[in-house]
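Enquirer: Quick one: the structure is below, and I'll ask about it shortly.
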Amino acid sequence: MSGMSRVMLEVDGLSAWYGEARVLADVSLTVAPGEVVTLVGRNGAGKTTLLRSVMGLHHQVEGTVTFEGRDLRRVRADARAKAGIGWVPDDRGIYASLSVEENLTLPPVVSPGDAWSLERVYEQFPVLHERRAFPGTKLSGGEQQMLAMARVLRMGARLLLLDEPSEGLAPVIVQRIGEIIRQIKASGVAVLLVEQNVAFASTVADRHYLLAQGRVVESLDNETFQSRTTQLLEYLGI
Amino acid sequence: MHRKKTLALAATAVSGSLVLAACGGGGPSASGGKISDGKVVLGLLNDQSGVYKDLSGPNSKVAIQMAIDDYKAKYGDKAVAKDIEIVTADHQNKPDIANTKAQEMYDRDKADIILDVPTSSAALAVANQAKAKKKLFIDIGAGTTALTGKSCNKYTFHWAYDTYMLAHGTGGVVVKNGGKKWSIVYPDYAFGQDMNKSFTAAVQQAGGTIQQSIPTPFPNDNFATYITKAQSTNPDVIGIMAAGGDLINFVKQFNQAGLQGKTDLAVGLMFITDIHSLGVDQFQGTKFTDAWYWNFDDQNRAWADKFKEKTGTRPSFAHAGNYSAALQYLEAVQRAGTDDADAVVKQLEGKKINDVFLRNGEIRAADHSVLHDAYLVQVKNKSEVKEDWDYEKVLETIPAQEAFGPVSGDCKM
Amino acid sequence: MSAFLQYTLQGLAAGGFYALAALGLAVIFGVLGVVNFSHGACYMLGAVASAVLLDTLGLSFWWALLVVPVLMFVFGVLMERLLVQWLLRLDPLYNFLLTFGITLVLVDLVKRRYGVSGLPYQLPPGLDGRVTVGSVSLSLYQVFVTLFAVLVCVAVWALLTQTRIGMIVRASTEDAERSRALGINVGRWVTPVFGFGIGLAGLSGVLAAPFRAITADMGSNFVIILFAVVVIGGLGSILGAVVAGFLVGLVEAYGQAYAPSFAQVLIFVLMALVVLVRPSGLFGREEAA
């Protein structure tokens with residue numbers, strides 16, 4: 001279904017405001033099927049707002065967001081999710097009042113062909129199976145991150161919006177997340193990744209957009225990105 | 001500056017006399033000089049929308065109108081007050097609003113007298129205005145003894161009941177009839193504390209004992225635990241000093257606790273409208289002191305029938321009290337030949353009265369307390385009720401001289 | 001000791017009320033983000049409706065338990081469709097003011113139509129006795145209210161935990177925006193949830209009718225305590241509302257027994273303590289502002 005277009009997500013001239021304050025200015029970017037693209041930038045550069053705008057959670061916006069050829073301007077967040085966009089927020093977004101399994105099965109399956117079955121999820125993440133009856137927030141940070149990603153994979157999302165998945169996690173877990181990203185990339189799922197961990201970003205991504213003060217200041221392929229890592233780290237103030 | 005003031009005064013005088021002339025021109029001018037502004041204005045200031053609306057409220061205007069009609073019918077062409085008007089206002093039971101409304105009534109509406117004013121704090125505010133404006137005020141709806149005590153004044157009269165009457169009527173008589181051991185439950189604000197004190201004094205004076213006095217928050221809708229606590233000392237009588245909605249909450253829960261018919265319930269302040277709204281079977285057996293009851297005798301009943309024709313409902317003591325106060329005020333104007341406040345006060349002071357509301361009534365000159373017979377009543381059993389509002393049986397008539405307390409030393413006229 | 005037990009049982013009975021009504025308030029707040037000030041007025045309407053239906057149609061207490069919540073559900077649906085929905089996108093303050101206004105209108109309409117001194121209502125036959133176990137004696141109705149409230153809370157709990165609808169409502173109560181982003185059409189559940197919450201308020205009104213004064217003002221004090229319950233339990237927490245409901249009932253009963261003048265103050269002292277120690281309430285999620 002998605003193979004028709006070589007561009008899965010196209011953001012064109014997107015600006016966003018919080019009240020009077022403009023946090024995104026004329027941002028344009030694209031993500032192709034099976035491509036992993038990162039947004040890199042300091043805190044407050046507008047990365048999360050960009051993801052929220054794509055998801056339809058931020059309403060003070062101008063510009064267009066097109067997903068698989070469909071203009072999303074008048075489409076509500078829940079319909080965007082049903083169209084195949086999976087959101088993994090920076091706080092993981094796990095429900096405390098739902099069990100692990102309920103967290104997984106809450107979202108509707110939107111694309112039966114792409115959706116992971118519950119069995120597949122449990123096979124990939126045995127720890128979720130072990131703890132399926134626990135309240136979602138009783139999991140560790142890394143497990144919650146797995147759960148949040150597994151949740152949108154079970155929906156059958158074809159575009160994942162990952163907001164800082166590596167934040168605050170142990171290196172071994174970050175590595176595991178990297179593996180999952182490469183795995184889903186291989187199945188043709190696209191990923192738009194917000195990341196401050198430059199080293200991690202370079203291990204999974206094809207391309208990078210550098211965001212500063214709400215603008216895209218540079219667009220780099222992964223090779224260039226790797227060669228300029230030190231400079232970028234400095235720029236990010238990390 | 002000085003000239004300007006003089007000019008303004010002159011202008012006022014001229015326009016004033018013009019108005020007077022206009023009024024005088026309207027009707028027979030025989031009484032023009034004796035009745036201020038050419039007419040007598042009765043101000044009804046009470047609760048038109050809140051908790052005391054049913055007790056007195058708008059229907060008191062009907063009662064006052066009945067008094068005016070009776071006065072006119074009695075004197076016809078010889079009536080001193082020919083043009084009589086009623087103005088009403090809602091004081092929402094708040095002293096500040098009562099204060100402003102009373103000012104407006106006396107000044108703008110040219111009220112010669114203000115009637116009713118339930119809620120003690122509001123009544124005290126109006127008494128102060130009456131004193132300042134030198135105009136009459138007859139209180140019917142409020143219970144505080146301060147109106148004839150510390151706050152008494154030449155222009156204020158207290159017509160129907162007070163907390164002393166309630167306490168000594170109910171407390172004294174119930175103890176005399178064998179209810180010696182009491183638990184009192186009272187709402188913890190000025191009125192409740194006052195009632196608790198009065199009842200404690202009355203019960204002890206009659207030889208009873210107060211086992212406990214339990215304060216409750218106000219307002220309050222859950223009395224279950226207070227009731228358990230009050231009952232825990234096995235009293236003969238539980239006295240409840242709450243009023244209105246809180247009283248109904250209490251009684252419902254008292255009955256639910258299975259105490260109805262087991263422990264006597266004495267209510268500090270209760271109106272027939274409370275019985276009507278809760279249902280007579282919930283209150284049955286309850287004792288309280290009433291200032292007047294519509295079905296007490298033929299005279300009361302005849303008046304209550306007329307009242308029902310006009311309102312569709314039976315009168316409370318407050319309705320009858322407003323009628324009586326308005327009527328006796330007009331009678332005093334008639335005797336004085338003028339509506340001049342000082343002249344009318346002179347006619348009222350010391351007057352002995354018998355009317356549909358006042359039995360063996362006397363307006364005590366020393367403190368303007370209106371003494372009259374009061375009644376210890378018991379709420380009927382449902383089986384005894386023969387018609388709507390037929391709720392009370394009078395156990396004992398408390399003679400006027402015993403029903404009210406002696407003149408308070410605090411009253412300096 | 002037996003006195004203490006008695007106070008405890010009375011506290012639970014009062015708590016049953018708070019739990020039921022607060023449950024409705026919590027669900028509405030969770031899913032719509034609306035602080036429904038009219039909850040007290042809807043509780044009042046439930047009681048008034050029971051009394052009026054008994055008087056005019058002879059509808060018994062048992063039927064009222066069934067019919068009145070349904071009527072109140074319809075009333076809630078109308079209220080949401082006609083008024084509340086238009087303000088959902090604005091600052092929550094607007095709907096707070098709207099429901100405050102609705103409260104004033106409802107209270108005044110009831111005053112106008114039914115007067116201020118209240119409506120009569122009898123204890124339902126069969127529930128007017130007492131239960132005595134050892135030295136503890138309770139009114140049958142109180143026992144009934146406690147059990148019934150627990151039963152309804154359990155039923156609501158089952159509905160919320162055992163069904164997909166319940167899962168969606170729980171998720172949306174916890175975080176409506178996130179649920180939308182996960183493909184849940186939260187808007188579709190907004191109206192029935194609002195009606196459901198109002199229905200619960202009406203149900204507690206029916207339960208109140210036999211033992212509280214049925215007046216236009218009966219909800220005004222009640223709603224204040226409800227807010228305390230919801231804050232203690234944690235805004236948006238369903239379990240919190242139920243637990244805090246019973247807790248507040250107990251605090252009130254012990255307060256009445258051991259510090260009579262302060263019974264209501266104690267509730268707010270408890271609220272202040274909870275807010276100081278755990279700003280998000282006993283069962284609320286810790287929110288990173």
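Each chain in the structure tokens gets a letter, A, B, ..., in the order shown, and its residues are numbered from 1; ligands are numbered from 1 in order too.
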List as a PyMOL selection string the protein and nucleic acid residues near Lys154 of chain B, meaning an atom at most 9 Å away when only C-alpha atoms are counted, but skip any in the same chain fewer than 3 places from it.
Expert: chain B and resi 130-131+134+136+157+342+345+367-368+413
Enquirer: If we count only C-alpha atoms and set the cut-off at 12 Å, which residues sit around Leu109 of chain C, ignoring sequence neighbours fewer than 3 positions away in its own chain? Please answer as a list of chain:residue names.
Expert: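 In the requested form, the answer reads B:Ser49, C:Ala41, C:Met44, C:Leu45, C:Val48, C:Ile102, C:Thr103, C:Leu104, C:Val105, C:Leu106, C:Arg112, C:Arg113, C:Tyr114, C:Gly115, C:Val116, C:Thr215, C:Ala216, C:Asp217.
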Enquirer: Would you mind exporting C-alpha atoms of the selected residues as a compact mmCIF listing (two decimals), in the first residue's frame?
Expert:
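Saved result, result_35.txt, follows:
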```
# COMPACT_ATOMS: atom_id res chain seq x y z
CA SER B 49 -36.32 33.50 48.20
CA ALA C 41 -27.01 20.27 41.92
CA MET C 44 -30.03 17.45 44.48
CA LEU C 45 -32.02 16.83 41.28
CA VAL C 48 -35.93 15.94 44.16
CA ILE C 102 -25.95 25.73 35.60
CA THR C 103 -25.94 25.07 39.34
CA LEU C 104 -27.43 28.48 40.11
CA VAL C 105 -30.11 28.01 37.46
CA LEU C 106 -31.06 24.50 38.64
CA ARG C 112 -39.36 28.36 42.27
CA ARG C 113 -41.23 25.18 41.55
CA TYR C 114 -41.01 23.35 44.87
CA GLY C 115 -40.33 26.06 47.43
CA VAL C 116 -37.50 26.25 49.90
CA THR C 215 -34.18 21.01 49.47
CA ALA C 216 -32.86 23.04 46.56
CA ASP C 217 -29.75 23.83 48.60
```
Enquirer: Residues within 9 Å of Ile240 of chain B, please, as number ranges by chain. Count only C-alpha atoms; anything in the same chain fewer than 6 positions from it doesn't count.
Expert: B: 183-187, 247, 250-251, 265-269
Enquirer: Could you check how far atom CA of Ile85 of chain A sits from atom CA of Val110 of chain A, in Å to one decimal?
Expert: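 Between atom CA of Ile85 of chain A and atom CA of Val110 of chain A the gap is 9.5 Å.
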Enquirer: Chain A residues within 10 Å of chain C, counting only C-alpha atoms: which ones, as a ChimeraX atom specification?
Expert: /A:52,55-57,76-89,91,93-99,102-103,105-110,151-152,155
Enquirer: Taking only C-alpha atoms into account, find every residue of chain B that has an atom no more than 8 Å from chain C, and write it out as an NGL selection string.
Expert: :B and (49-54 or 188 or 214-217 or 219-222 or 224-226 or 229 or 244-246 or 248-250 or 252-253 or 256-258 or 273-274 or 276-279 or 282)
Enquirer: Output C-alpha atoms for every residue in that selection, as an mmCIF file, in the first residue's frame.
Expert:
```
data_model
loop_
_atom_site.group_PDB
_atom_site.id
_atom_site.type_symbol
_atom_site.label_atom_id
_atom_site.label_comp_id
_atom_site.auth_asym_id
_atom_site.auth_seq_id
_atom_site.Cartn_x
_atom_site.Cartn_y
_atom_site.Cartn_z
ATOM 1 C CA SER B 49 -36.323 33.503 48.198
ATOM 2 C CA GLY B 50 -34.297 31.654 50.834
ATOM 3 C CA VAL B 51 -34.887 29.307 53.761
ATOM 4 C CA TYR B 52 -37.609 31.390 55.411
ATOM 5 C CA LYS B 53 -39.554 32.063 52.227
ATOM 6 C CA ASP B 54 -42.241 29.478 52.958
ATOM 7 C CA ASP B 188 -22.243 25.933 66.424
ATOM 8 C CA ILE B 214 -23.063 18.652 71.494
ATOM 9 C CA PRO B 215 -22.056 21.346 69.003
ATOM 10 C CA THR B 216 -22.285 20.519 65.282
ATOM 11 C CA PRO B 217 -21.014 22.302 62.203
ATOM 12 C CA PRO B 219 -24.739 23.797 57.823
ATOM 13 C CA ASN B 220 -24.522 20.019 58.201
ATOM 14 C CA ASP B 221 -26.313 17.141 56.566
ATOM 15 C CA ASN B 222 -24.919 14.106 58.352
ATOM 16 C CA ALA B 224 -25.764 10.029 62.395
ATOM 17 C CA THR B 225 -22.820 10.040 64.769
ATOM 18 C CA TYR B 226 -24.083 13.028 66.762
ATOM 19 C CA LYS B 229 -23.477 10.190 70.867
ATOM 20 C CA GLY B 244 -34.672 24.574 58.507
ATOM 21 C CA GLY B 245 -32.942 22.014 56.277
ATOM 22 C CA ASP B 246 -30.535 20.954 59.032
ATOM 23 C CA ILE B 248 -35.049 18.033 58.668
ATOM 24 C CA ASN B 249 -31.751 16.199 58.170
ATOM 25 C CA PHE B 250 -31.565 15.608 61.895
ATOM 26 C CA LYS B 252 -34.857 11.954 59.319
ATOM 27 C CA GLN B 253 -31.696 10.458 60.765
ATOM 28 C CA GLN B 256 -33.687 6.117 61.133
ATOM 29 C CA ALA B 257 -31.703 5.516 64.264
ATOM 30 C CA GLY B 258 -34.923 3.963 65.564
ATOM 31 C CA THR B 273 -43.898 24.533 57.266
ATOM 32 C CA ASP B 274 -41.153 22.163 58.477
ATOM 33 C CA HIS B 276 -45.465 20.025 56.078
ATOM 34 C CA SER B 277 -42.271 19.600 54.074
ATOM 35 C CA LEU B 278 -40.955 16.580 55.950
ATOM 36 C CA GLY B 279 -44.258 14.774 56.349
ATOM 37 C CA GLN B 282 -41.574 11.720 60.479
#
```
Enquirer: Measuring atom to atom with only C-alpha atoms, identify which of A:Leu51, A:Leu104, A:Ala148, A:Leu159 is nearest to Ala133 of chain A.
Expert: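 For Ala133 of chain A, the nearest of the given residues is A:Leu104.
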Enquirer: Output as number ranges by chain all residues of segment 182-340 of chain B that backbone DSSP marks as alpha helix (DSSP H).
Expert: B: 190-205, 224-231, 244-256, 272-278, 280-283, 298-311, 317-336
Enquirer: Store the residues picked out above in a file with C-alpha atoms, as a short mmCIF file (atom, residue, chain, number, x, y, z; two decimals), in the first residue's frame.
Expert:
```cif
data_model
loop_
_atom_site.label_atom_id
_atom_site.label_comp_id
_atom_site.auth_asym_id
_atom_site.auth_seq_id
_atom_site.Cartn_x
_atom_site.Cartn_y
_atom_site.Cartn_z
CA ALA B 190 -24.66 32.53 67.18
CA PHE B 191 -28.26 31.33 67.05
CA GLY B 192 -27.46 27.76 68.09
CA GLN B 193 -25.20 28.83 70.95
CA ASP B 194 -27.87 31.24 72.16
CA MET B 195 -30.52 28.52 72.03
CA ASN B 196 -28.25 26.07 73.83
CA LYS B 197 -27.73 28.58 76.65
CA SER B 198 -31.43 29.41 76.94
CA PHE B 199 -32.48 25.76 76.96
CA THR B 200 -29.81 24.78 79.45
CA ALA B 201 -30.98 27.53 81.78
CA ALA B 202 -34.65 26.65 81.32
CA VAL B 203 -34.17 22.94 81.86
CA GLN B 204 -31.99 23.41 84.93
CA GLN B 205 -34.33 26.02 86.37
CA ALA B 224 -25.76 10.03 62.39
CA THR B 225 -22.82 10.04 64.77
CA TYR B 226 -24.08 13.03 66.76
CA ILE B 227 -27.32 11.16 67.32
CA THR B 228 -25.50 8.04 68.51
CA LYS B 229 -23.48 10.19 70.87
CA ALA B 230 -26.50 12.08 72.18
CA GLN B 231 -28.32 8.80 72.82
CA GLY B 244 -34.67 24.57 58.51
CA GLY B 245 -32.94 22.01 56.28
CA ASP B 246 -30.54 20.95 59.03
CA LEU B 247 -33.47 20.23 61.34
CA ILE B 248 -35.05 18.03 58.67
CA ASN B 249 -31.75 16.20 58.17
CA PHE B 250 -31.57 15.61 61.89
CA VAL B 251 -35.12 14.34 62.27
CA LYS B 252 -34.86 11.95 59.32
CA GLN B 253 -31.70 10.46 60.77
CA PHE B 254 -33.11 10.45 64.30
CA ASN B 255 -36.01 8.36 63.06
CA GLN B 256 -33.69 6.12 61.13
CA ILE B 272 -45.47 24.27 60.74
CA THR B 273 -43.90 24.53 57.27
CA ASP B 274 -41.15 22.16 58.48
CA ILE B 275 -43.74 19.55 59.40
CA HIS B 276 -45.47 20.02 56.08
CA SER B 277 -42.27 19.60 54.07
CA LEU B 278 -40.95 16.58 55.95
CA VAL B 280 -46.18 14.54 59.58
CA ASP B 281 -45.28 10.91 60.30
CA GLN B 282 -41.57 11.72 60.48
CA PHE B 283 -42.18 14.39 63.09
CA ASP B 298 -62.75 28.82 65.70
CA GLN B 299 -61.41 32.36 65.57
CA ASN B 300 -58.03 31.20 64.26
CA ARG B 301 -59.66 28.82 61.85
CA ALA B 302 -61.97 31.44 60.40
CA TRP B 303 -58.99 33.68 59.68
CA ALA B 304 -56.99 30.75 58.30
CA ASP B 305 -59.87 29.95 55.92
CA LYS B 306 -59.78 33.48 54.53
CA PHE B 307 -56.00 33.23 54.19
CA LYS B 308 -56.29 29.94 52.35
CA GLU B 309 -58.77 31.43 49.88
CA LYS B 310 -56.13 33.95 48.88
CA THR B 311 -52.99 31.82 49.00
CA PHE B 317 -47.60 31.90 62.99
CA ALA B 318 -45.48 34.42 61.10
CA HIS B 319 -48.30 35.14 58.66
CA ALA B 320 -50.75 35.65 61.50
CA GLY B 321 -48.16 37.73 63.34
CA ASN B 322 -47.70 40.03 60.37
CA TYR B 323 -51.45 40.43 60.10
CA SER B 324 -51.74 41.25 63.77
CA ALA B 325 -48.83 43.69 63.78
CA ALA B 326 -50.11 45.53 60.70
CA LEU B 327 -53.63 45.70 62.07
CA GLN B 328 -52.61 46.93 65.51
CA TYR B 329 -50.33 49.50 63.92
CA LEU B 330 -53.23 50.86 61.84
CA GLU B 331 -55.47 50.85 64.92
CA ALA B 332 -52.84 52.89 66.73
CA VAL B 333 -52.69 55.35 63.82
CA GLN B 334 -56.47 55.59 64.02
CA ARG B 335 -56.38 56.37 67.75
CA ALA B 336 -53.53 58.84 67.34
#
```
Enquirer: Atom CA of Leu12 of chain C and atom CA of Thr146 of chain C are how many Å apart?
Expert: 6.4 Å
Enquirer: Which residues are near Glu35 of chain A? Cut-off 8 Å, only C-alpha atoms, ignore same chain within fewer than 3 positions. Put them as a ChimeraX atom specification.
Expert: /A:31-32,185,188-191,205-206
Enquirer: Would you mind exporting N, CA and C atoms of the selected residues as a PDB file, in the first residue's frame?
Expert:
```
ATOM      1  N   VAL A  31      10.503  11.851   5.081  1.00  0.00           N
ATOM      2  CA  VAL A  31      10.937  10.534   5.537  1.00  0.00           C
ATOM      3  C   VAL A  31      10.387   9.521   4.543  1.00  0.00           C
ATOM      4  N   ALA A  32      11.263   8.630   4.061  1.00  0.00           N
ATOM      5  CA  ALA A  32      10.842   7.617   3.086  1.00  0.00           C
ATOM      6  C   ALA A  32      10.555   6.305   3.810  1.00  0.00           C
ATOM      7  N   LYS A 185      13.084  -1.140  10.718  1.00  0.00           N
ATOM      8  CA  LYS A 185      13.492  -0.449   9.486  1.00  0.00           C
ATOM      9  C   LYS A 185      13.539  -1.456   8.332  1.00  0.00           C
ATOM     10  N   GLY A 188      10.450  -2.199   6.502  1.00  0.00           N
ATOM     11  CA  GLY A 188       9.855  -1.130   5.693  1.00  0.00           C
ATOM     12  C   GLY A 188       9.187  -0.039   6.496  1.00  0.00           C
ATOM     13  N   VAL A 189       9.240  -0.153   7.831  1.00  0.00           N
ATOM     14  CA  VAL A 189       8.637   0.888   8.671  1.00  0.00           C
ATOM     15  C   VAL A 189       9.592   2.083   8.721  1.00  0.00           C
ATOM     16  N   ALA A 190       9.014   3.290   8.625  1.00  0.00           N
ATOM     17  CA  ALA A 190       9.831   4.501   8.687  1.00  0.00           C
ATOM     18  C   ALA A 190       9.878   5.011  10.126  1.00  0.00           C
ATOM     19  N   VAL A 191      10.984   5.676  10.463  1.00  0.00           N
ATOM     20  CA  VAL A 191      11.131   6.189  11.823  1.00  0.00           C
ATOM     21  C   VAL A 191      11.592   7.638  11.782  1.00  0.00           C
ATOM     22  N   ALA A 205      20.617   5.762  12.143  1.00  0.00           N
ATOM     23  CA  ALA A 205      19.918   6.637  11.207  1.00  0.00           C
ATOM     24  C   ALA A 205      20.550   6.653   9.824  1.00  0.00           C
ATOM     25  N   ASP A 206      19.704   6.983   8.803  1.00  0.00           N
ATOM     26  CA  ASP A 206      20.188   7.201   7.455  1.00  0.00           C
ATOM     27  C   ASP A 206      20.517   8.668   7.219  1.00  0.00           C
TER      28      ASP A 206
END
```
Enquirer: Just give me the gap between atom CA of Asn59 of chain B and atom CA of Tyr75 of chain B in Å, one decimal is fine.
Expert: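 We find that atom CA of Asn59 of chain B and atom CA of Tyr75 of chain B lie 24.8 Å from each other.
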Enquirer: For Gln145 of chain A, work out the shell of residues within 12 Å, counting only C-alpha atoms and skipping chain neighbours fewer than 6 positions away, then give it as a ChimeraX atom specification.
Expert: /A:87-94,100,125,128,136-137,139,151-152,162-170,173-174,176-178,180
Enquirer: Please dump the current selection as a compact mmCIF listing (two decimals), in the first residue's frame; keep C-alpha atoms.
Expert:
```txt
# COMPACT_ATOMS: atom_id res chain seq x y z
CA TRP A 87 3.66 7.96 18.65
CA VAL A 88 6.16 7.09 21.36
CA PRO A 89 6.33 10.16 23.62
CA ASP A 90 9.40 11.15 25.57
CA ASP A 91 7.78 10.15 28.88
CA ARG A 92 6.98 6.75 27.23
CA GLY A 93 3.28 7.40 27.82
CA ILE A 94 2.58 4.23 29.74
CA VAL A 100 1.06 -4.12 30.70
CA PHE A 125 10.08 -8.92 24.58
CA LEU A 128 6.57 -7.95 28.89
CA GLY A 136 2.24 -0.49 33.23
CA THR A 137 4.24 1.94 35.32
CA LEU A 139 8.09 -1.64 34.77
CA ARG A 151 2.44 -0.87 21.56
CA VAL A 152 2.63 1.05 18.28
CA LEU A 162 10.21 8.24 18.62
CA ASP A 163 10.89 10.99 21.12
CA GLU A 164 14.28 10.43 22.82
CA PRO A 165 14.00 6.68 23.28
CA SER A 166 17.51 6.39 24.73
CA GLU A 167 17.10 9.06 27.36
CA GLY A 168 18.07 7.95 30.84
CA LEU A 169 18.61 4.30 29.92
CA ALA A 170 21.57 2.01 30.53
CA ILE A 173 19.27 -1.19 26.87
CA VAL A 174 20.08 1.60 24.42
CA ARG A 176 18.77 -3.23 22.43
CA ILE A 177 16.60 -0.31 21.27
CA GLY A 178 19.01 0.25 18.43
CA ILE A 180 14.79 -3.03 17.38
```
Enquirer: Pick out the closest residue to Tyr391 of chain B from this set: B:Gly285, B:Gly57, B:Gly178, B:Gly169. Count only C-alpha atoms.
Expert: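 Selected residue with least distance to Tyr391 of chain B: B:Gly285.
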Enquirer: What parts of segment 38-83 of chain A does DSSP call strand (DSSP E)? I'd like the answer as a PyMOL selection string.
Expert: chain A and resi 38-40+61-67+70-71
Enquirer: So that I have them on file, write out the residues from the current selection with N, CA and C atoms, as a CSV table (one decimal), in the first residue's frame.
Expert:
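Full text of part_21.csv as output:
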```csv
chain,number,residue,atom,x,y,z
A,38,THR,N,16.7,11.3,11.9
A,38,THR,CA,16.7,11.9,13.2
A,38,THR,C,16.6,13.4,13.2
A,39,LEU,N,16.0,13.9,14.2
A,39,LEU,CA,16.0,15.4,14.5
A,39,LEU,C,17.0,15.6,15.6
A,40,VAL,N,18.0,16.4,15.4
A,40,VAL,CA,19.0,16.6,16.4
A,40,VAL,C,19.0,18.1,16.8
A,61,VAL,N,-0.7,25.7,14.4
A,61,VAL,CA,0.3,25.4,13.3
A,61,VAL,C,-0.1,26.0,12.0
A,62,GLU,N,0.9,26.2,11.2
A,62,GLU,CA,0.7,26.5,9.8
A,62,GLU,C,1.6,25.7,8.9
A,63,GLY,N,1.3,25.5,7.7
A,63,GLY,CA,2.1,24.6,6.8
A,63,GLY,C,1.4,23.3,6.7
A,64,THR,N,2.0,22.4,5.8
A,64,THR,CA,1.3,21.1,5.6
A,64,THR,C,2.1,19.9,6.1
A,65,VAL,N,1.3,18.9,6.5
A,65,VAL,CA,1.9,17.6,6.8
A,65,VAL,C,1.2,16.6,5.9
A,66,THR,N,2.0,15.9,5.1
A,66,THR,CA,1.4,14.9,4.2
A,66,THR,C,1.9,13.5,4.6
A,67,PHE,N,1.0,12.6,4.7
A,67,PHE,CA,1.4,11.2,5.1
A,67,PHE,C,0.8,10.3,4.0
A,70,ARG,N,-1.5,11.8,1.7
A,70,ARG,CA,-2.8,12.3,2.3
A,70,ARG,C,-2.5,13.6,3.1
A,71,ASP,N,-3.2,14.7,2.8
A,71,ASP,CA,-3.0,15.9,3.5
A,71,ASP,C,-3.6,15.8,4.9
```
Enquirer: Could you list, as a list in words, every residue within 9 Å of Gly24 of chain C, counting only C-alpha atoms and ignoring same-chain residues fewer than 4 positions away?
Expert: Ala19, Leu20, Ile28, Phe29, His39, Val193, Phe194, Phe196, Gly197, Ile198, Gly199, Leu200, Ala201, Ile238 and Ala241 of chain C
Enquirer: Generate the output file for the selected residues, N, CA and C atoms, as a compact mmCIF listing (two decimals), in the first residue's frame.
Expert:
```
# COMPACT_ATOMS: atom_id res chain seq x y z
N ALA C 19 -18.32 8.34 47.94
CA ALA C 19 -17.62 7.52 46.96
C ALA C 19 -18.37 7.50 45.64
N LEU C 20 -19.69 7.26 45.72
CA LEU C 20 -20.49 7.18 44.50
C LEU C 20 -20.45 8.47 43.71
N ILE C 28 -15.72 12.22 34.96
CA ILE C 28 -15.97 13.39 34.12
C ILE C 28 -14.70 14.24 34.01
N PHE C 29 -14.05 14.44 35.16
CA PHE C 29 -12.84 15.24 35.11
C PHE C 29 -11.79 14.56 34.25
N HIS C 39 -22.20 19.11 39.98
CA HIS C 39 -22.39 17.77 40.51
C HIS C 39 -23.31 17.77 41.74
N VAL C 193 -19.83 9.34 28.82
CA VAL C 193 -19.15 9.40 30.11
C VAL C 193 -19.71 10.53 30.96
N PHE C 194 -19.97 11.66 30.33
CA PHE C 194 -20.55 12.78 31.08
C PHE C 194 -21.92 12.37 31.63
N PHE C 196 -22.94 9.41 32.25
CA PHE C 196 -22.72 8.39 33.27
C PHE C 196 -22.36 9.03 34.61
N GLY C 197 -21.47 10.02 34.56
CA GLY C 197 -21.07 10.71 35.79
C GLY C 197 -22.26 11.41 36.43
N ILE C 198 -23.07 12.07 35.60
CA ILE C 198 -24.26 12.76 36.13
C ILE C 198 -25.25 11.73 36.68
N GLY C 199 -25.35 10.59 35.99
CA GLY C 199 -26.23 9.53 36.48
C GLY C 199 -25.82 9.06 37.86
N LEU C 200 -24.51 8.94 38.10
CA LEU C 200 -24.03 8.53 39.43
C LEU C 200 -24.38 9.58 40.48
N ALA C 201 -24.25 10.86 40.11
CA ALA C 201 -24.64 11.93 41.04
C ALA C 201 -26.12 11.78 41.38
N ILE C 238 -9.76 7.06 39.53
CA ILE C 238 -11.06 6.47 39.84
C ILE C 238 -11.00 5.72 41.16
N ALA C 241 -10.89 8.18 44.02
CA ALA C 241 -12.16 8.78 44.39
C ALA C 241 -12.94 7.87 45.34
```
Enquirer: So that I can see what lies close to segment 50-67 of chain C, please list as a list in words the residues with an atom at most 7 Å from it, counting only C-alpha atoms and leaving out residues fewer than 3 positions away in the same chain.
Expert: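 In the requested form, the answer reads Gly46, Ala47, Val70, Leu71, Leu119, Pro120, Tyr121, Pro124, Leu203 and Val206 of chain C.
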Enquirer: Mind writing the picked residues with C-alpha atoms as a PDB file, in the first residue's frame?
Expert:
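Wrote it out as part16.pdb, contents follow:
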```pdb
ATOM      1  CA  GLY C  46     -31.761  13.084  41.876  1.00  0.00           C
ATOM      2  CA  ALA C  47     -33.274  13.476  45.343  1.00  0.00           C
ATOM      3  CA  VAL C  70     -31.410   6.886  33.755  1.00  0.00           C
ATOM      4  CA  LEU C  71     -33.224  10.230  33.701  1.00  0.00           C
ATOM      5  CA  LEU C 119     -40.088  17.905  49.946  1.00  0.00           C
ATOM      6  CA  PRO C 120     -41.300  14.976  52.028  1.00  0.00           C
ATOM      7  CA  TYR C 121     -39.959  11.480  51.479  1.00  0.00           C
ATOM      8  CA  PRO C 124     -38.883   2.757  51.970  1.00  0.00           C
ATOM      9  CA  LEU C 203     -28.083   7.885  42.067  1.00  0.00           C
ATOM     10  CA  VAL C 206     -31.882   8.917  45.285  1.00  0.00           C
TER      11      VAL C 206
END
```
